[in-house]
Structure formats: C-alpha cells, structure tokens
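Since the structure comes first, as structure tokens, the remarks are kept for the end.
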Amino acid sequence: GLLWIRMHRGPPPPSSLGKLQICVVSGFYGTGKTTVIRQIALQLLSQSYRVAMLINSLSEVVVDADIIRKEIPQVQVFECGFGCVCCTLQRDLVEKVHLIALAGSHDYLIIESTGEALPSSIVRGLAINPNGSSADKSISTLFE
C-alpha cells in the first residue's frame, strides 16, 4: 500500500510561502508511480497551485514525461534520463531542483524516481544546495 504524503488544503501554511514544496514518489517498476503523481498533480492544480514535475528514468527516452505532458499540459515537466537521481544523476537533480526553486514559478515539485532509486539518497541529496550549503526546502516523501 501507499503511505500518504503531507498535503495542504487551501493556501500553503505561512511558514512555507515562497518555498518550493517537494514531493518524492518512489517505488518498484510497475507499482503505479505515474498514476500517483498524476493524481497528486491534478489535486494540486484543482487548488490553484503551480506544479512542476521532474521525472527520472534509466533510459535516454523518458516515456512517463511524454505521458504527463500530453495528459496534463498545465504541468511543466523536466526530465532526468539515462541514470538514477539517487546516485549517478544526483548532482543533476540537485542543480535542476535549485534552478526550479530559484525561478519561483512553481509552488510544488513532484519528483518521480526510477524503480531502482533509493528514496533516502534522493532526500539526502535534496538537503544540499549545489554550492554545498544546507538547503532550505520543504520535502514531502511518499514511499510504497
């Protein structure tokens, strides 16, 4: 089963205003991660949040990204392909998340990792800015 993440009804709490809320969705292949991120995105969009997704794949072609772009065009989709964001692409992940946060054009970032990823490594990586300093990000995690 799925453990639910911390979600907000209505506007985000004052302590999180101006901060990028991050949701990491991880699970084995075929467990429904894309279905879950689609439902999370639709719920957030219905509450007028600005949503971005970063979808990770071990292959060069990130099929799930194309699916989300077609089904939910209001979501800006970023890709992180040809490796795993918990290890080989962790620096790329940190840099992309940092740039998305700096742009300030999204309230939520939903990250879908590969089925091989270790969620704890992703969360540890997100706790560091590209310059090595501690990050000030709110991270919500969904584990299967």
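Naming works like this for the structure tokens: A, B, ... for the chains as they're shown, residue 1 at the start of each chain, ligands 1 onward in shown order.
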Do you have, as JSON lines, the list of residues of stretch 25-98 of chain A lying at most 12 Å from stretch 117-126 of chain A, each with its nearest atom pair and that distance in Å to one decimal, counting only C-alpha atoms and ordered by chain then number?
{"residue": "A:Val25", "atom": "CA", "partner": "A:Pro119", "partner_atom": "CA", "distance": 8.1}
{"residue": "A:Ser26", "atom": "CA", "partner": "A:Pro119", "partner_atom": "CA", "distance": 6.3}
{"residue": "A:Gly27", "atom": "CA", "partner": "A:Ala117", "partner_atom": "CA", "distance": 8.0}
{"residue": "A:Phe28", "atom": "CA", "partner": "A:Ala117", "partner_atom": "CA", "distance": 8.6}
{"residue": "A:Tyr29", "atom": "CA", "partner": "A:Ala117", "partner_atom": "CA", "distance": 10.4}
{"residue": "A:Asn56", "atom": "CA", "partner": "A:Ala117", "partner_atom": "CA", "distance": 9.3}
{"residue": "A:Ser57", "atom": "CA", "partner": "A:Ala117", "partner_atom": "CA", "distance": 9.8}
{"residue": "A:Leu58", "atom": "CA", "partner": "A:Ala117", "partner_atom": "CA", "distance": 9.8}
{"residue": "A:Gly83", "atom": "CA", "partner": "A:Ala117", "partner_atom": "CA", "distance": 9.7}
{"residue": "A:Cys84", "atom": "CA", "partner": "A:Ala117", "partner_atom": "CA", "distance": 6.2}
{"residue": "A:Val85", "atom": "CA", "partner": "A:Ile122", "partner_atom": "CA", "distance": 6.6}
{"residue": "A:Cys86", "atom": "CA", "partner": "A:Ile122", "partner_atom": "CA", "distance": 4.8}
{"residue": "A:Cys87", "atom": "CA", "partner": "A:Ser121", "partner_atom": "CA", "distance": 7.4}
{"residue": "A:Thr88", "atom": "CA", "partner": "A:Ala117", "partner_atom": "CA", "distance": 10.3}
{"residue": "A:Leu89", "atom": "CA", "partner": "A:Ile122", "partner_atom": "CA", "distance": 10.0}
{"residue": "A:Gln90", "atom": "CA", "partner": "A:Gly125", "partner_atom": "CA", "distance": 6.5}
{"residue": "A:Arg91", "atom": "CA", "partner": "A:Gly125", "partner_atom": "CA", "distance": 7.8}
{"residue": "A:Asp92", "atom": "CA", "partner": "A:Gly125", "partner_atom": "CA", "distance": 10.3}
{"residue": "A:Leu93", "atom": "CA", "partner": "A:Leu126", "partner_atom": "CA", "distance": 8.0}
{"residue": "A:Val94", "atom": "CA", "partner": "A:Leu126", "partner_atom": "CA", "distance": 5.9}
{"residue": "A:Glu95", "atom": "CA", "partner": "A:Leu126", "partner_atom": "CA", "distance": 9.5}
{"residue": "A:Lys96", "atom": "CA", "partner": "A:Leu126", "partner_atom": "CA", "distance": 10.4}
{"residue": "A:Val97", "atom": "CA", "partner": "A:Leu126", "partner_atom": "CA", "distance": 7.9}
{"residue": "A:His98", "atom": "CA", "partner": "A:Leu126", "partner_atom": "CA", "distance": 8.9}
For the selection just defined, write its residues with N, CA and C atoms to a file, as a compact mmCIF listing (two decimals), in the first residue's frame.
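Result written to part.txt:
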# COMPACT_ATOMS: atom_id res chain seq x y z
N VAL A 25 8.26 10.69 -5.14
CA VAL A 25 7.49 9.46 -5.27
C VAL A 25 8.44 8.38 -5.78
N SER A 26 8.53 7.31 -5.03
CA SER A 26 9.46 6.24 -5.37
C SER A 26 8.76 4.91 -5.19
N GLY A 27 9.17 3.93 -5.94
CA GLY A 27 8.61 2.59 -5.82
C GLY A 27 9.14 1.71 -6.93
N PHE A 28 8.92 0.43 -6.80
CA PHE A 28 9.41 -0.51 -7.80
C PHE A 28 8.71 -0.29 -9.14
N TYR A 29 9.29 -0.83 -10.19
CA TYR A 29 8.70 -0.73 -11.52
C TYR A 29 7.30 -1.36 -11.52
N ASN A 56 12.41 10.89 -13.59
CA ASN A 56 13.69 10.21 -13.75
C ASN A 56 13.47 8.86 -14.43
N SER A 57 14.40 8.51 -15.30
CA SER A 57 14.34 7.23 -16.00
C SER A 57 15.76 6.74 -16.23
N LEU A 58 15.93 5.43 -16.23
CA LEU A 58 17.24 4.87 -16.54
C LEU A 58 17.54 4.93 -18.03
N GLY A 83 19.99 7.51 -16.21
CA GLY A 83 20.66 7.30 -14.94
C GLY A 83 19.69 7.43 -13.80
N CYS A 84 20.21 7.30 -12.59
CA CYS A 84 19.36 7.32 -11.41
C CYS A 84 19.66 8.55 -10.57
N VAL A 85 18.61 9.28 -10.13
CA VAL A 85 18.79 10.52 -9.38
C VAL A 85 19.28 10.28 -7.95
N CYS A 86 19.30 9.04 -7.50
CA CYS A 86 19.80 8.81 -6.14
C CYS A 86 21.32 8.63 -6.13
N CYS A 87 21.92 8.43 -7.32
CA CYS A 87 23.37 8.22 -7.34
C CYS A 87 24.01 8.91 -8.54
N THR A 88 23.98 8.29 -9.71
CA THR A 88 24.72 8.81 -10.86
C THR A 88 24.25 10.19 -11.32
N LEU A 89 22.98 10.49 -11.15
CA LEU A 89 22.44 11.79 -11.57
C LEU A 89 22.07 12.69 -10.40
N GLN A 90 22.57 12.38 -9.21
CA GLN A 90 22.15 13.17 -8.04
C GLN A 90 22.55 14.64 -8.18
N ARG A 91 23.73 14.91 -8.68
CA ARG A 91 24.16 16.31 -8.85
C ARG A 91 23.24 17.03 -9.84
N ASP A 92 22.89 16.35 -10.95
CA ASP A 92 21.94 16.92 -11.91
C ASP A 92 20.60 17.23 -11.24
N LEU A 93 20.14 16.31 -10.40
CA LEU A 93 18.88 16.52 -9.68
C LEU A 93 18.96 17.76 -8.80
N VAL A 94 20.02 17.85 -8.01
CA VAL A 94 20.17 18.99 -7.09
C VAL A 94 20.21 20.30 -7.87
N GLU A 95 20.94 20.32 -8.99
CA GLU A 95 21.04 21.54 -9.79
C GLU A 95 19.69 21.91 -10.40
N LYS A 96 18.97 20.92 -10.93
CA LYS A 96 17.66 21.21 -11.53
C LYS A 96 16.66 21.71 -10.49
N VAL A 97 16.63 21.07 -9.33
CA VAL A 97 15.72 21.49 -8.28
C VAL A 97 16.07 22.90 -7.82
N HIS A 98 17.34 23.18 -7.69
CA HIS A 98 17.78 24.51 -7.27
C HIS A 98 17.33 25.57 -8.28
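The spacing separating atom CA of A:Ala65 from atom CA of A:Cys80 amounts to 9.6 Å.
Taking only stretch 32-144 of chain A, the residues that DSSP calls strand (DSSP E or B) from the backbone come to Val51, Ala52, Met53, Leu54, Ile55, Asn56, Gln76, Val77, Phe78, Glu79, Cys80, Tyr108, Leu109, Ile110, Ile111, Glu112, Ile128, Ser134, Ser138, Ile139, Ser140, Thr141, Leu142 and Phe143 of chain A.
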### Query
Mind pulling up the distance from atom CA of A:Lys19 to atom CA of A:His106?
9.1 Å
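Here atom CA of A:Glu116 and atom CA of A:Gln43 stand 26.8 Å from one another.
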